Amino acid sequence: MTTTLAAHPTGPGPRAALRAEHTKFWSVRTLPGLAVTALVTAVVMALLFAVSLPITQGTAIADLAPTTVVEAALVGVDVAAVVLIVLGALFMGSEYSSGLAQPTFILTPRRGRVLLAKAAVTVVVAAGVALAVAALCLLVGQAVLLGSDLPGADLGDPGLLRLAAGSVLVPVFYALIALVAATLTRSTGGGIVAALVLLALPTVLGWLPGPLAAVLVPALPAAALHSISGTAAPVEASPAGAAAVLLLVWVAAGLGAAALRLRARDA
Amino acid sequence: MISARGLIKRYSEVLAVDGLSFDVTPGAVTGFLGPNGSGKSTTMRMILGLDAPTSGSVTVNGHPYRELVAPAREIGALLDPRCMHPGRTARAHLRWMADAAGIGRRRVEEVLELVGVAAAADRRVDTFSLGMRQRLGIAGALLGEPGVLLLDEPLNGLDPEGIRWIRSLLCELAAGGRTVFVSSHLMNEMEETADRVVIINSGRLVAALEISELRSRGIAVRVGAADPAQASVLAEALCRAGATVAGGPAGGLTVRGVAPERIGRLALEHRIALRELAPQTHRLEESFLELTADASAPTARTEHLV
C-alpha cells in the first residue's frame, strides 16, 4: 500500500486542475461561442447606443460633447457583461446538468481547486473579451462622431480612459459572481439569476427610504465599480482604493462560500 | 486493495448502506452483487470520495480516497457512462481527464486504441451509443494505469461482442495483478467473469466468498445408499459434517451444504456403498436469489476474501 503511494510521491497539483479546465473550456462550442457573442453583441449595441443619442437624449449629436457620445458607446461593455454572466454560470452549471461533475471530482478530489481553476479561466476570458469590447466601443463612438463630420473626442482624456478601464471590470466581476452562484445552486439558471439580481440591486435599493439606501447601496459591488470608473452617484462614491478592496471582499467571500459548499456536500 | 469497515450512509430517512465491511483483494475480479437499490452505487461513490460516509470508513490502498496524492494512478473508475459533456469529442473528453490527472497526452491515444474508439475519436460524444460511451468511460478509467479498477454495471447497454470484450479485458487486468471490482444486479452476468463475489442486500453484507464456494453452497446432491437400511447412518454422518439433509423415497437423500466429493469420502469412511451421488444442476442465479431473498435475517458473514 505504502509502496504504491511511494511510486507517485507527487500528484497533480493546482496547475493540473487549471490545465483541465482550460481544455474543457475550449473543447466545447458553447463557451467560446458565448465569448464571441459577447463581443459582437456589445459592439452592435455600442453603435446603437451612440447613434440613438438624439432620441434618448433629445439632443442632436452635434450639440453633445464628443466625450458624451463615446461614453454612450462604452455602455456596450455592460451588454458584454450580461452575456459573460451566462458564460460564467454555464461553465460550472453544465458540470451538474451533464453529470460531468462526477468524473471531475473523482479526478480532482480537492474540489476547491476545480472552483479556482474555473474562476481563473473565466476571469482571463472575460477580461480578454471586455478589453477588446472596451477598445472597440471607444472606436465605435469615435467613428459615429467622425461619420457625422464632427470633431472626434480626445481618446487620451483621463476621465474617458478611467471610464473605459473601470468598465472592463464589470463583466469580469459579474461573470465570476455567476460562476460562484452556479456552484452554490448547482445550476446554470441559478447562477444567471443571482448575478443579474446583484447587477440590478442598486436600482431596487434606490427605491428604499433614504437612510436605509445610504447604508446598503455603498456596500454593493456596483457602487465600487462606479467609484472605480468615476461614474459613482453621490450615495455610492468611495475612494478608488477602498472600492477595489470592497470588490475583492465580495470575490473572496463568494469563492470561500462556494468552496466550503463544494467540500461539505456530497458531489 | 479496497477495504470497507463498518461503512454506513444515511440520506435523511433512508439508510442506504448499513454497516458494510469487506475487502477487495488484488489479482482477481470481484463481483459486487445485489438487487437494484441495495446500496452498490452508494458504496462505490463513497469509495471514490464523492459521498462522505455517515460513519465507518473505506480506503483505497490504505488511504481514504480524498487523501490519495495521485488518485488516477491508484484507482480508475467508471460509475455512469452518461456523465460526459455531449458536445465534446471523445479525444477532448480524455484530454481534459488526462490534464486533471497530470498524465501526458500520448496516453490518451493509447487508451483510445485499447478500447477500440480510436476511429471515432473526433466524433462528439452525443453521437455515441451507450456501448461506445462504456468503452470511452473505461478508457478514462485506464488513463492512469491504476492498480485498482472500479466499474459500476459496465455490461449495461453492451452488445454480445462488447460483453465478451469487457469480460476478457477484466480477466486480463486481474491476471496482471490488479484489483478489479465490478458491480452488477445480475448474477449470471458475473458468473463467467468474477472469481469472488461480495453480495449485499438492503445495504447489508449478505456474503463475501469465492464463486466456487457459492456454487457448492447452494448445490443440492441426490444421494442414495445401496442398502436403504444404511441411509439413516449416512444422514447422521452428513449432518455432523454440516450438511442439510432431507429424506426422499426409498432411502434417497437430498443433501445441501457439502460438496459431492466430501459426501463420497464420508460414505467411504463409514463403509457405506452408494447407488447414487448426483449433483443437481443449479444456477448461481438461484443461490444468489436465495441469499438475497432472506433480507430479514441475512447470514451475514464478515470474513474477508482470501
# chains A, B, ... in the order shown; residues from 1 in each chain; ligands from 1
call {"tool": "interface_residues", "arguments": {"of": "chain A", "to": "chain B", "cutoff": "9 Å", "atoms": "only C-alpha atoms", "output": "ChimeraX atom specification"}}
result
/A:1-2,4-5,8-13,15-24,27-30,94-95,97-110,264-267
call {"tool": "residues_around", "arguments": {"residues": "Val168 of chain A", "least_positions_apart": "3", "cutoff": "6 Å", "atoms": "only C-alpha atoms", "output": "PDB file with N, CA, C and O atoms, in the first residue's frame"}}
result
ATOM      1  N   ALA A 130     -13.665  41.709 -22.488  1.00  0.00           N
ATOM      2  CA  ALA A 130     -14.041  43.049 -22.026  1.00  0.00           C
ATOM      3  C   ALA A 130     -13.047  44.102 -22.524  1.00  0.00           C
ATOM      4  O   ALA A 130     -13.454  45.200 -22.922  1.00  0.00           O
ATOM      5  N   LEU A 131     -11.756  43.765 -22.531  1.00  0.00           N
ATOM      6  CA  LEU A 131     -10.749  44.711 -23.038  1.00  0.00           C
ATOM      7  C   LEU A 131     -10.986  45.008 -24.515  1.00  0.00           C
ATOM      8  O   LEU A 131     -10.982  46.169 -24.943  1.00  0.00           O
ATOM      9  N   ALA A 165     -11.479  51.816 -18.489  1.00  0.00           N
ATOM     10  CA  ALA A 165     -10.795  50.827 -17.651  1.00  0.00           C
ATOM     11  C   ALA A 165     -11.736  50.271 -16.593  1.00  0.00           C
ATOM     12  O   ALA A 165     -11.794  49.053 -16.356  1.00  0.00           O
TER      13      ALA A 165
END
call {"tool": "closest_residue", "arguments": {"among": "B:Leu253, B:Ile166, B:Ala121, B:Ala241", "to": "Val221 of chain B", "atoms": "only C-alpha atoms"}}
result
B:Leu253
call {"tool": "atom_distance", "arguments": {"atom1": "atom CA of Val245 of chain B", "atom2": "atom CA of Arg271 of chain B"}}
result
19.1 Å
call {"tool": "atom_distance", "arguments": {"atom1": "atom CA of Ala119 of chain B", "atom2": "atom CA of Gly33 of chain A"}}
result
27.1 Å
call {"tool": "residues_around", "arguments": {"residues": "Leu173 of chain B", "least_positions_apart": "4", "cutoff": "9 Å", "atoms": "only C-alpha atoms", "output": "list in words"}}
result
Gly27, Ala28, Val29, Gly147, Leu149, Ser168, Leu169, Gly177, Arg178, Thr179 and Val180 of chain B
call {"tool": "select_by_dssp", "arguments": {"residues": "segment 16-56 of chain B", "states": "alpha helix (DSSP H)", "output": "number ranges by chain"}}
result
B: 40-47
call {"tool": "write_last_selection", "arguments": {"atoms": "all heavy atoms", "output": "PDB file, in the first residue's frame"}}
result
ATOM      1  N   LYS B  40     -25.239  -0.548  -3.821  1.00  0.00           N
ATOM      2  CA  LYS B  40     -23.975  -0.747  -4.539  1.00  0.00           C
ATOM      3  C   LYS B  40     -23.381   0.577  -5.012  1.00  0.00           C
ATOM      4  O   LYS B  40     -22.198   0.861  -4.771  1.00  0.00           O
ATOM      5  CB  LYS B  40     -24.174  -1.667  -5.753  1.00  0.00           C
ATOM      6  CG  LYS B  40     -24.678  -3.054  -5.426  1.00  0.00           C
ATOM      7  CD  LYS B  40     -24.684  -3.956  -6.656  1.00  0.00           C
ATOM      8  CE  LYS B  40     -25.564  -3.468  -7.783  1.00  0.00           C
ATOM      9  NZ  LYS B  40     -27.005  -3.499  -7.481  1.00  0.00           N
ATOM     10  N   SER B  41     -24.209   1.375  -5.689  1.00  0.00           N
ATOM     11  CA  SER B  41     -23.688   2.637  -6.236  1.00  0.00           C
ATOM     12  C   SER B  41     -23.278   3.596  -5.124  1.00  0.00           C
ATOM     13  O   SER B  41     -22.261   4.272  -5.226  1.00  0.00           O
ATOM     14  CB  SER B  41     -24.730   3.293  -7.138  1.00  0.00           C
ATOM     15  OG  SER B  41     -24.917   2.506  -8.289  1.00  0.00           O
ATOM     16  N   THR B  42     -24.057   3.633  -4.061  1.00  0.00           N
ATOM     17  CA  THR B  42     -23.707   4.497  -2.926  1.00  0.00           C
ATOM     18  C   THR B  42     -22.359   4.086  -2.349  1.00  0.00           C
ATOM     19  O   THR B  42     -21.509   4.927  -2.039  1.00  0.00           O
ATOM     20  CB  THR B  42     -24.797   4.404  -1.834  1.00  0.00           C
ATOM     21  OG1 THR B  42     -26.042   4.728  -2.414  1.00  0.00           O
ATOM     22  CG2 THR B  42     -24.506   5.364  -0.697  1.00  0.00           C
ATOM     23  N   THR B  43     -22.155   2.776  -2.220  1.00  0.00           N
ATOM     24  CA  THR B  43     -20.873   2.284  -1.699  1.00  0.00           C
ATOM     25  C   THR B  43     -19.735   2.719  -2.618  1.00  0.00           C
ATOM     26  O   THR B  43     -18.688   3.190  -2.159  1.00  0.00           O
ATOM     27  CB  THR B  43     -20.908   0.742  -1.586  1.00  0.00           C
ATOM     28  OG1 THR B  43     -22.004   0.379  -0.755  1.00  0.00           O
ATOM     29  CG2 THR B  43     -19.614   0.211  -1.010  1.00  0.00           C
ATOM     30  N   MET B  44     -19.957   2.586  -3.941  1.00  0.00           N
ATOM     31  CA  MET B  44     -18.908   2.970  -4.888  1.00  0.00           C
ATOM     32  C   MET B  44     -18.636   4.466  -4.831  1.00  0.00           C
ATOM     33  O   MET B  44     -17.493   4.906  -4.943  1.00  0.00           O
ATOM     34  CB  MET B  44     -19.298   2.521  -6.295  1.00  0.00           C
ATOM     35  CG  MET B  44     -19.224   1.008  -6.462  1.00  0.00           C
ATOM     36  SD  MET B  44     -19.437   0.485  -8.168  1.00  0.00           S
ATOM     37  CE  MET B  44     -18.380  -0.973  -8.200  1.00  0.00           C
ATOM     38  N   ARG B  45     -19.686   5.267  -4.645  1.00  0.00           N
ATOM     39  CA  ARG B  45     -19.488   6.717  -4.528  1.00  0.00           C
ATOM     40  C   ARG B  45     -18.669   7.055  -3.284  1.00  0.00           C
ATOM     41  O   ARG B  45     -17.866   7.990  -3.297  1.00  0.00           O
ATOM     42  CB  ARG B  45     -20.839   7.450  -4.503  1.00  0.00           C
ATOM     43  CG  ARG B  45     -21.591   7.393  -5.829  1.00  0.00           C
ATOM     44  CD  ARG B  45     -22.955   8.062  -5.745  1.00  0.00           C
ATOM     45  NE  ARG B  45     -22.858   9.447  -5.366  1.00  0.00           N
ATOM     46  CZ  ARG B  45     -22.575  10.445  -6.220  1.00  0.00           C
ATOM     47  NH1 ARG B  45     -22.403  10.154  -7.496  1.00  0.00           N
ATOM     48  NH2 ARG B  45     -22.472  11.672  -5.819  1.00  0.00           N
ATOM     49  N   MET B  46     -18.857   6.274  -2.223  1.00  0.00           N
ATOM     50  CA  MET B  46     -18.070   6.525  -1.008  1.00  0.00           C
ATOM     51  C   MET B  46     -16.615   6.088  -1.200  1.00  0.00           C
ATOM     52  O   MET B  46     -15.696   6.736  -0.713  1.00  0.00           O
ATOM     53  CB  MET B  46     -18.702   5.824   0.193  1.00  0.00           C
ATOM     54  CG  MET B  46     -19.983   6.519   0.648  1.00  0.00           C
ATOM     55  SD  MET B  46     -20.577   5.962   2.251  1.00  0.00           S
ATOM     56  CE  MET B  46     -21.356   4.424   1.801  1.00  0.00           C
ATOM     57  N   ILE B  47     -16.413   4.970  -1.930  1.00  0.00           N
ATOM     58  CA  ILE B  47     -15.039   4.534  -2.211  1.00  0.00           C
ATOM     59  C   ILE B  47     -14.289   5.650  -2.930  1.00  0.00           C
ATOM     60  O   ILE B  47     -13.119   5.908  -2.664  1.00  0.00           O
ATOM     61  CB  ILE B  47     -15.048   3.247  -3.082  1.00  0.00           C
ATOM     62  CG1 ILE B  47     -15.640   2.074  -2.305  1.00  0.00           C
ATOM     63  CG2 ILE B  47     -13.630   2.915  -3.572  1.00  0.00           C
ATOM     64  CD1 ILE B  47     -15.869   0.821  -3.139  1.00  0.00           C
TER      65      ILE B  47
END
call {"tool": "residues_around", "arguments": {"residues": "Val40 of chain A", "least_positions_apart": "6", "cutoff": "10 Å", "atoms": "only C-alpha atoms", "output": "list in words"}}
result
Leu34, Ala46, Gly76, Ala80 and Val133 of chain A
call {"tool": "write_last_selection", "arguments": {"atoms": "N, CA, C and O atoms", "output": "short mmCIF file (atom, residue, chain, number, x, y, z; two decimals), in the first residue's frame"}}
result
data_model
loop_
_atom_site.label_atom_id
_atom_site.label_comp_id
_atom_site.auth_asym_id
_atom_site.auth_seq_id
_atom_site.Cartn_x
_atom_site.Cartn_y
_atom_site.Cartn_z
N LEU A 34 -20.02 31.79 -26.71
CA LEU A 34 -20.58 32.87 -25.90
C LEU A 34 -19.61 34.05 -25.81
O LEU A 34 -20.03 35.21 -25.79
N ALA A 46 -23.20 49.06 -28.87
CA ALA A 46 -22.46 50.31 -28.68
C ALA A 46 -22.81 51.28 -29.81
O ALA A 46 -23.09 52.47 -29.57
N GLY A 76 -21.80 49.64 -24.15
CA GLY A 76 -21.70 48.32 -24.79
C GLY A 76 -20.97 47.31 -23.91
O GLY A 76 -21.27 46.11 -23.95
N ALA A 80 -21.89 43.31 -22.85
CA ALA A 80 -20.99 42.16 -22.81
C ALA A 80 -21.08 41.47 -21.46
O ALA A 80 -21.03 40.23 -21.36
N VAL A 133 -13.78 44.59 -26.17
CA VAL A 133 -15.05 45.31 -26.31
C VAL A 133 -14.86 46.79 -25.98
O VAL A 133 -15.33 47.67 -26.71
#
call {"tool": "atom_distance", "arguments": {"atom1": "atom CA of Ser187 of chain A", "atom2": "atom CA of Leu116 of chain A"}}
result
17.6 Å
call {"tool": "residues_around", "arguments": {"residues": "Glu210 of chain B", "least_positions_apart": "3", "cutoff": "8 Å", "atoms": "only C-alpha atoms", "output": "PyMOL selection string"}}
result
chain B and resi 195-197+213-214+305
call {"tool": "residues_around", "arguments": {"residues": "Ala253 of chain A", "least_positions_apart": "5", "cutoff": "12 Å", "atoms": "only C-alpha atoms", "output": "list in words"}}
result
Leu176, Ile177, Val180, Ala181, Leu246, Leu247, Leu248, Ala258, Ala259 and Leu260 of chain A
call {"tool": "closest_residue", "arguments": {"among": "B:Leu170, B:Leu20, B:Ala226, B:Met132", "to": "Gly56 of chain B", "atoms": "only C-alpha atoms"}}
result
B:Leu20
call {"tool": "residues_around", "arguments": {"residues": "segment 209-223 of chain A", "least_positions_apart": "5", "cutoff": "8 Å", "atoms": "only C-alpha atoms", "output": "list of chain:residue names"}}
result
A:Leu199, A:Pro202, A:Ala232, A:Val235, A:Glu236, A:Ala237, A:Ser238, A:Ala243, A:Leu246, A:Leu247, A:Trp250
call {"tool": "write_last_selection", "arguments": {"atoms": "N, CA and C atoms", "output": "short mmCIF file (atom, residue, chain, number, x, y, z; two decimals), in the first residue's frame"}}
result
data_model
loop_
_atom_site.label_atom_id
_atom_site.label_comp_id
_atom_site.auth_asym_id
_atom_site.auth_seq_id
_atom_site.Cartn_x
_atom_site.Cartn_y
_atom_site.Cartn_z
N LEU A 199 -26.70 42.64 -10.16
CA LEU A 199 -26.49 43.74 -11.11
C LEU A 199 -27.60 44.79 -10.99
N PRO A 202 -28.80 47.76 -7.12
CA PRO A 202 -28.70 49.19 -6.78
C PRO A 202 -29.96 49.96 -7.13
N ALA A 232 -19.69 57.25 -10.10
CA ALA A 232 -20.50 56.97 -8.91
C ALA A 232 -21.47 58.09 -8.62
N VAL A 235 -24.41 58.87 -3.44
CA VAL A 235 -24.65 57.87 -2.39
C VAL A 235 -23.66 56.70 -2.48
N GLU A 236 -23.12 56.46 -3.69
CA GLU A 236 -22.23 55.31 -3.91
C GLU A 236 -20.76 55.62 -3.66
N ALA A 237 -20.41 56.88 -3.84
CA ALA A 237 -18.99 57.24 -4.00
C ALA A 237 -18.10 56.84 -2.83
N SER A 238 -16.95 56.27 -3.17
CA SER A 238 -15.90 56.00 -2.17
C SER A 238 -14.58 56.10 -2.93
N ALA A 243 -12.80 51.13 -2.87
CA ALA A 243 -13.72 50.43 -3.76
C ALA A 243 -13.10 49.11 -4.25
N LEU A 246 -13.33 46.60 -1.52
CA LEU A 246 -14.70 46.10 -1.39
C LEU A 246 -14.98 45.01 -2.43
N LEU A 247 -14.53 45.25 -3.68
CA LEU A 247 -14.72 44.25 -4.73
C LEU A 247 -14.01 42.94 -4.39
N TRP A 250 -15.95 41.00 -1.86
CA TRP A 250 -17.06 40.29 -2.49
C TRP A 250 -16.57 39.00 -3.16
#
call {"tool": "closest_residue", "arguments": {"among": "B:Glu286, B:Glu261, B:Asp122, B:Asp227", "to": "Leu274 of chain B", "atoms": "only C-alpha atoms"}}
result
B:Asp227
call {"tool": "closest_residue", "arguments": {"among": "B:Leu94, B:Val108, B:Leu155, B:Val148", "to": "Leu130 of chain B", "atoms": "only C-alpha atoms"}}
result
B:Leu155
